[in-house]
$ cat start06.txt   # compact mmCIF, C-alpha atoms
# COMPACT_ATOMS: atom_id res chain seq x y z
CA LYS M 1 12.61 28.53 57.31
CA LYS M 2 11.83 25.67 54.91
CA ALA M 3 14.34 24.87 52.22
CA LYS M 4 13.27 24.92 48.59
CA LEU M 5 12.99 21.51 46.96
CA THR M 6 12.32 21.10 43.26
CA VAL M 7 10.78 17.89 41.92
CA MET M 8 11.09 17.76 38.13
CA ALA M 9 9.57 15.06 35.94
CA ARG M 10 12.11 13.30 33.75
CA PRO M 11 11.50 13.42 30.00
CA LYS M 12 9.85 10.34 28.55
CA THR M 13 9.41 9.11 25.00
CA ILE M 14 6.57 6.79 23.94
CA VAL M 15 4.96 5.88 20.62
CA TYR M 16 1.50 6.62 19.32
CA GLY M 17 -1.17 4.53 21.01
CA ASP M 18 0.77 3.96 24.23
CA ALA M 19 -0.80 4.78 27.57
CA PRO M 20 0.65 7.77 29.47
CA ALA M 21 3.92 6.84 31.12
CA ASN M 22 6.81 8.40 33.01
CA ASP M 23 10.40 7.73 34.02
CA GLY M 24 10.08 9.18 37.49
CA ALA M 25 11.46 12.48 38.71
CA ASP M 26 14.70 14.21 39.64
CA TYR M 27 15.11 16.12 42.93
CA ALA M 28 17.11 19.28 43.54
CA GLY M 29 17.52 21.02 46.91
CA PHE M 30 17.88 18.35 49.58
CA VAL M 31 19.87 19.46 52.58
CA GLY M 32 22.56 17.34 54.18
CA ASP M 33 21.93 13.65 53.98
CA ASP M 34 18.27 14.00 53.03
CA THR M 35 17.10 12.05 50.01
CA GLU M 36 13.73 11.24 48.50
CA THR M 37 13.94 7.76 50.02
CA ALA M 38 15.14 8.73 53.51
CA ASP M 39 12.68 8.10 56.31
CA GLY M 40 10.61 11.11 57.38
CA VAL M 41 11.86 13.45 54.64
CA LEU M 42 8.91 13.26 52.26
CA SER M 43 5.33 12.30 52.82
CA GLY M 44 2.61 11.20 50.46
CA GLY M 45 3.24 9.50 47.14
CA LEU M 46 4.70 10.70 43.89
CA VAL M 47 2.15 10.64 41.06
CA PHE M 48 1.93 12.41 37.72
CA ASP M 49 -0.58 14.38 35.69
CA TYR M 50 -0.42 14.29 31.89
CA THR M 51 -1.62 16.64 29.22
CA TYR M 52 -1.61 13.54 26.98
CA LYS M 53 -4.18 10.75 26.90
CA GLN M 54 -3.88 7.45 25.09
CA TYR M 55 -4.23 7.71 21.28
CA ASP M 56 -3.65 11.45 21.23
CA ASP M 57 -1.70 12.48 18.14
CA VAL M 58 2.06 12.50 17.83
CA GLY M 59 3.59 15.54 19.50
CA ILE M 60 5.08 16.94 22.72
CA TYR M 61 3.03 16.84 25.91
CA MET M 62 3.76 17.64 29.55
CA ILE M 63 4.25 15.37 32.57
CA THR M 64 3.71 17.14 35.90
CA PRO M 65 4.67 15.49 39.21
CA LYS M 66 2.57 15.92 42.34
CA GLY M 67 1.52 14.25 45.58
CA LEU M 68 4.52 14.89 47.82
CA THR M 69 4.69 17.02 50.98
CA ALA M 70 7.52 17.78 53.45
CA LYS M 71 7.73 19.50 56.83
CA ASN M 72 11.17 20.94 56.10
CA TYR M 73 10.82 21.80 52.42
CA ASP M 74 8.75 24.02 50.17
CA ILE M 75 8.25 21.75 47.18
CA ALA M 76 8.02 23.07 43.62
CA PHE M 77 6.83 20.64 40.96
CA ASP M 78 8.30 21.24 37.52
CA PRO M 79 6.87 19.50 34.45
CA GLY M 80 8.89 17.41 32.00
CA LYS M 81 8.28 16.57 28.38
CA LEU M 82 6.35 13.55 27.20
CA ILE M 83 7.32 13.00 23.58
CA VAL M 84 4.93 10.88 21.49
CA LYS M 85 6.57 9.54 18.34
CA PRO M 86 4.98 7.78 15.34
CA LYS M 87 4.32 4.07 15.70
CA SER M 88 5.81 1.63 13.21
CA ILE M 89 3.22 0.31 10.80
CA LYS M 90 5.25 -2.87 10.32
CA GLY M 91 3.17 -5.87 11.24
CA ALA M 92 -0.14 -4.21 10.35
CA ASP M 93 -2.83 -6.46 8.87
CA VAL M 94 -3.56 -5.24 5.33
CA LYS M 95 -6.63 -6.46 3.46
CA VAL M 96 -7.24 -6.02 -0.26
CA ASP M 97 -10.44 -6.68 -2.18
CA GLN M 98 -8.99 -9.67 -4.03
CA THR M 99 -5.64 -11.39 -3.57
CA GLU M 100 -5.98 -13.77 -6.54
CA ARG M 101 -6.69 -12.57 -10.05
CA THR M 102 -6.40 -14.31 -13.42
CA TYR M 103 -4.61 -12.81 -16.41
CA ASP M 104 -7.05 -11.15 -18.80
CA GLY M 105 -4.75 -8.88 -20.80
CA SER M 106 -5.91 -5.72 -19.05
CA LEU M 107 -4.38 -3.56 -16.31
CA GLN M 108 -5.83 -4.90 -13.08
CA THR M 109 -6.03 -2.95 -9.82
CA VAL M 110 -6.54 -4.07 -6.24
CA ALA M 111 -8.11 -1.83 -3.63
CA VAL M 112 -6.87 -1.69 -0.05
CA THR M 113 -10.02 -2.28 2.00
CA ARG M 114 -8.59 -2.25 5.51
CA VAL M 115 -5.39 -1.63 7.42
CA SER M 116 -5.57 -2.60 11.09
CA MET M 117 -3.14 -2.74 13.95
CA ASP M 118 -3.56 -3.69 17.59
CA GLY M 119 -7.27 -4.14 17.01
CA LEU M 120 -7.75 -0.65 15.54
CA ASN M 121 -8.65 0.18 11.95
CA LEU M 122 -6.40 2.84 10.50
CA ASN M 123 -7.86 5.59 8.33
CA GLY M 124 -6.63 7.49 5.33
CA SER M 125 -4.70 9.98 7.44
CA ASP M 126 -2.57 7.16 8.84
CA TYR M 127 -1.18 5.65 5.63
CA GLU M 128 -1.00 5.89 1.87
CA VAL M 129 -0.82 3.29 -0.87
CA ALA M 130 2.54 3.98 -2.49
CA THR M 131 3.08 1.34 -5.18
CA GLY M 132 2.12 -2.14 -6.31
CA ALA M 133 -1.67 -1.84 -6.54
CA GLU M 134 -1.67 -2.33 -10.33
CA GLY M 135 -0.51 -5.17 -12.53
CA LYS M 136 -1.07 -6.57 -16.01
CA ASP M 137 1.15 -9.60 -16.58
CA ALA M 138 0.85 -12.84 -14.64
CA GLY M 139 2.99 -12.83 -11.52
CA ALA M 140 3.27 -11.80 -7.87
CA TYR M 141 2.73 -8.19 -6.82
CA SER M 142 3.12 -6.35 -3.51
CA VAL M 143 1.11 -3.34 -2.43
CA LEU M 144 3.35 -0.98 -0.47
CA ILE M 145 1.58 0.77 2.43
CA VAL M 146 3.54 3.71 3.86
CA GLY M 147 2.69 5.13 7.27
CA LYS M 148 2.12 8.84 7.76
CA GLY M 149 0.94 11.13 10.53
CA ASN M 150 0.88 8.94 13.63
CA TYR M 151 2.58 6.05 11.83
CA ARG M 152 5.97 5.48 10.23
CA ASP M 153 7.73 2.79 8.19
CA SER M 154 5.93 0.58 5.68
CA VAL M 155 4.26 -2.77 5.21
CA TYR M 156 3.56 -4.93 2.16
CA ARG M 157 0.52 -6.93 1.10
CA GLU M 158 1.05 -9.51 -1.61
CA TRP M 159 -1.43 -10.35 -4.36
CA ASN M 160 -1.17 -12.41 -7.49
CA ILE M 161 -2.25 -12.55 -11.13
CA ALA M 162 -2.41 -16.22 -12.09
CA LYS M 163 -1.60 -17.49 -15.56
CA ARG M 164 -4.61 -18.09 -17.78
CA ALA M 165 -5.30 -21.70 -18.76
CA VAL M 166 -5.57 -22.32 -22.52
CA SER M 167 -5.61 -25.34 -24.81
CA VAL M 168 -3.76 -25.86 -28.07
CA THR M 169 -5.28 -28.73 -30.06
CA ALA M 170 -3.91 -30.37 -33.18
CA ILE M 171 -6.37 -30.92 -36.02
CA ASP M 172 -6.44 -34.56 -37.10
CA GLN M 173 -4.89 -35.04 -40.53
CA MET M 174 -5.44 -37.54 -43.35
CA ILE M 175 -2.29 -38.04 -45.41
CA LYS M 176 -1.11 -40.31 -48.18
CA GLU M 177 1.30 -43.04 -47.31
CA GLY M 178 4.83 -41.65 -47.42
CA ALA M 179 3.72 -38.01 -47.23
CA GLY M 180 4.46 -35.62 -44.37
CA ILE M 181 1.92 -33.77 -42.23
CA ARG M 182 1.00 -30.17 -42.82
CA THR M 183 2.40 -27.82 -40.17
CA GLY M 184 1.65 -24.29 -39.06
CA THR M 185 -0.73 -22.39 -36.81
CA ASP M 186 -3.62 -23.04 -39.20
CA MET M 187 -3.37 -26.75 -38.36
CA VAL M 188 -4.12 -26.23 -34.65
CA THR M 189 -6.76 -24.44 -32.59
CA LEU M 190 -6.28 -22.15 -29.58
CA SER M 191 -9.02 -22.19 -26.94
CA ASP M 192 -9.83 -19.86 -24.00
CA ALA M 193 -7.22 -17.20 -24.80
CA VAL M 194 -7.89 -13.50 -24.24
CA SER M 195 -9.84 -11.94 -27.08
CA GLY M 196 -7.47 -10.72 -29.76
CA HIS M 197 -4.67 -13.10 -28.79
CA SER M 198 -3.55 -15.72 -31.28
CA LEU M 199 -0.88 -18.30 -32.02
CA SER M 200 2.17 -17.01 -33.84
CA ALA M 201 4.09 -20.31 -33.80
CA VAL M 202 3.79 -23.93 -32.74
CA THR M 203 6.03 -26.97 -33.12
CA MET M 204 4.47 -30.10 -34.62
CA THR M 205 6.27 -33.43 -34.69
CA VAL M 206 5.19 -36.97 -35.57
CA GLU M 207 5.34 -39.99 -33.29
CA GLY M 208 3.85 -43.05 -34.89
CA ARG M 209 0.42 -41.93 -36.00
CA ARG M 210 0.18 -39.03 -33.56
CA ILE M 211 0.81 -35.32 -34.05
CA ILE M 212 2.75 -34.06 -31.02
CA LEU M 213 2.53 -30.37 -30.15
CA SER M 214 4.97 -28.19 -28.23
CA GLY M 215 6.54 -24.74 -28.19
CA ALA M 216 3.40 -22.67 -28.80
CA VAL M 217 3.92 -18.91 -28.94
CA ILE M 218 0.96 -16.64 -28.22
CA GLN M 219 0.86 -13.01 -29.29
CA ASP M 220 -1.46 -10.14 -28.49
CA ALA M 221 -3.18 -7.90 -31.02
CA ASP M 222 -0.03 -5.76 -31.29
CA GLY M 223 2.15 -8.77 -32.04
CA SER M 224 3.87 -8.80 -28.64
CA ASP M 225 4.78 -12.17 -27.15
CA VAL M 226 2.44 -12.87 -24.19
CA THR M 227 3.11 -16.61 -23.87
CA GLY M 228 4.41 -16.20 -20.33
CA ASN M 229 0.93 -15.24 -19.18
CA TYR M 230 -0.56 -18.60 -20.13
CA ASN M 231 -0.55 -22.15 -18.84
CA ILE M 232 -0.78 -24.16 -22.05
CA THR M 233 -2.25 -27.64 -22.27
CA TYR M 234 -1.52 -29.50 -25.50
CA HIS M 235 -3.94 -31.95 -27.11
CA ASN M 236 -2.21 -34.08 -29.70
CA GLY M 237 -3.81 -35.01 -33.00
CA ALA M 238 -4.27 -38.24 -34.95
CA ILE M 239 -2.83 -39.12 -38.33
CA ILE M 240 -4.96 -41.14 -40.72
CA VAL M 241 -2.77 -42.71 -43.42
CA ILE M 242 -4.21 -43.57 -46.83
CA PRO M 243 -2.15 -46.57 -47.95
CA LYS M 244 -0.76 -46.84 -51.43
CA ILE M 245 -2.49 -49.62 -53.39
CA SER M 246 -1.63 -51.58 -56.56
CA TYR M 247 -4.04 -53.30 -58.93
CA SER M 248 -3.15 -55.60 -61.84
CA VAL M 249 -5.58 -55.88 -64.78
CA THR M 250 -5.24 -58.66 -67.38
CA PHE M 251 -6.50 -58.10 -70.91
CA ARG M 252 -7.20 -61.41 -72.66
CA VAL M 253 -7.96 -62.43 -76.21
CA GLU M 254 -11.45 -63.88 -76.36
CA ASN M 255 -12.78 -65.27 -79.66
CA GLY M 256 -10.65 -62.92 -81.67
CA ALA M 257 -12.24 -59.90 -79.99
CA TRP M 258 -8.91 -58.76 -78.73
CA ASP M 259 -6.34 -58.17 -81.44
CA ASN M 260 -3.03 -58.58 -79.79
CA LYS M 261 -1.22 -59.64 -82.88
CA LYS M 262 -1.21 -63.22 -81.74
CA LYS M 263 0.66 -62.34 -78.55
CA ASP M 264 -0.09 -63.39 -75.00
CA ASP M 265 -2.56 -61.69 -72.76
CA VAL M 266 -1.62 -58.18 -71.59
CA ILE M 267 -1.33 -57.43 -67.83
CA VAL M 268 -1.54 -53.76 -66.76
CA THR M 269 -0.59 -52.72 -63.19
CA LEU M 270 -2.30 -49.62 -61.69
CA ASN M 271 -0.69 -47.91 -58.70
CA GLY M 272 -2.30 -45.16 -56.62
CA TRP M 273 -4.50 -44.18 -53.66
$ encode --input "start06.txt" --output "structure tokens"
Amino acid sequence: KKAKLTVMARPKTIVYGDAPANDGADYAGFVGDDTETADGVLSGGLVFDYTYKQYDDVGIYMITPKGLTAKNYDIAFDPGKLIVKPKSIKGADVKVDQTERTYDGSLQTVAVTRVSMDGLNLNGSDYEVATGAEGKDAGAYSVLIVGKGNYRDSVYREWNIAKRAVSVTAIDQMIKEGAGIRTGTDMVTLSDAVSGHSLSAVTMTVEGRRIILSGAVIQDADGSDVTGNYNITYHNGAIIVIPKISYSVTFRVENGAWDNKKKDDVIVTLNGW
């Protein structure tokens, strides 16, 4: 009478997207010195059937051994578990509609247009956009993509809001010799700023006959400081000096027409601009 031999597939764990795989089988029921590798004990070749095929969803599937025969054994093939776990989404290629934006004072949003991995495009059931798709101020942002369903872990995609380029230009001034320049935001112009934004302060100093600008502060319509969202280029102004002048006028006596009580001529000096 043939002995009973059980061939049971070992459990195996793979991740989503892997091809079917196994870790071999365990044997129970050999008699004496018989083993699965001993000559003449088993015939044929051990192969496996799977209830899983590549890219089936995460879950538990069965591995069933087959293909062996024996003259001295009745062989029973017992299935084992094939466990398919979620695949890490780390390393996925994430595309957004625009990675570079420029500050415009509004809340800006990027759209995730594609997430791909191993040559496959993932769909909405595979991930969700968790955070980082919106931004207002200039700076670097990161969209956080979180895997779900057949995927786990997370991946980031960076995008950026660049500072807006603006110019602050000093208005040329004409001043009297010895006088100082006029200062204040009404003595400069701001160009290319977001609509509703204005200068709340600027520093104006004098070097020779130039007006040197620095330290501009830009505010939004609510009065909040938004200077950090701008790259400011300063254009210095010119100073035109009106010099102080002095004129001397001599009044002379001519043929008695000038009554100076017999005194000398009168010299009057006029000072001014």
$ closest_residue --input "start06.txt" --among "M:Val58, M:Leu68, M:Ala193, M:Ala111" --to "Gly40 (chain M)" --atoms "all atoms listed in the file"
M:Leu68
$ atom_distance --input "start06.txt" --atom1 "CA of Asn150 (chain M)" --atom2 "CA of Val115 (chain M)"
13.8 Å
$ atom_distance --input "start06.txt" --atom1 "CA of Asp97 (chain M)" --atom2 "CA of Glu134 (chain M)"
12.7 Å
$ residues_around --input "start06.txt" --residues "region 1-17 of chain M" --least-positions-apart "5" --cutoff "8 Å" --atoms "only C-alpha atoms" --output "short mmCIF file (atom, residue, chain, number, x, y, z; two decimals) with C-alpha atoms, keeping the file's coordinate frame"
data_model
loop_
_atom_site.label_atom_id
_atom_site.label_comp_id
_atom_site.auth_asym_id
_atom_site.auth_seq_id
_atom_site.Cartn_x
_atom_site.Cartn_y
_atom_site.Cartn_z
CA ASN M 22 6.81 8.40 33.01
CA ASP M 23 10.40 7.73 34.02
CA GLY M 24 10.08 9.18 37.49
CA ALA M 25 11.46 12.48 38.71
CA ASP M 26 14.70 14.21 39.64
CA TYR M 27 15.11 16.12 42.93
CA ALA M 28 17.11 19.28 43.54
CA GLY M 29 17.52 21.02 46.91
CA PHE M 30 17.88 18.35 49.58
CA VAL M 31 19.87 19.46 52.58
CA GLN M 54 -3.88 7.45 25.09
CA TYR M 55 -4.23 7.71 21.28
CA ASP M 56 -3.65 11.45 21.23
CA ASP M 57 -1.70 12.48 18.14
CA VAL M 58 2.06 12.50 17.83
CA ILE M 63 4.25 15.37 32.57
CA THR M 64 3.71 17.14 35.90
CA PRO M 65 4.67 15.49 39.21
CA LYS M 71 7.73 19.50 56.83
CA ASN M 72 11.17 20.94 56.10
CA TYR M 73 10.82 21.80 52.42
CA ASP M 74 8.75 24.02 50.17
CA ILE M 75 8.25 21.75 47.18
CA ALA M 76 8.02 23.07 43.62
CA PHE M 77 6.83 20.64 40.96
CA ASP M 78 8.30 21.24 37.52
CA PRO M 79 6.87 19.50 34.45
CA GLY M 80 8.89 17.41 32.00
CA LYS M 81 8.28 16.57 28.38
CA LEU M 82 6.35 13.55 27.20
CA ILE M 83 7.32 13.00 23.58
CA VAL M 84 4.93 10.88 21.49
CA LYS M 85 6.57 9.54 18.34
CA PRO M 86 4.98 7.78 15.34
CA LYS M 87 4.32 4.07 15.70
CA ASN M 150 0.88 8.94 13.63
CA TYR M 151 2.58 6.05 11.83
#
$ closest_residue --input "start06.txt" --among "M:Ile211, M:Ile218, M:Val143, M:Leu122" --to "Asp172 (chain M)" --atoms "only C-alpha atoms"
M:Ile211
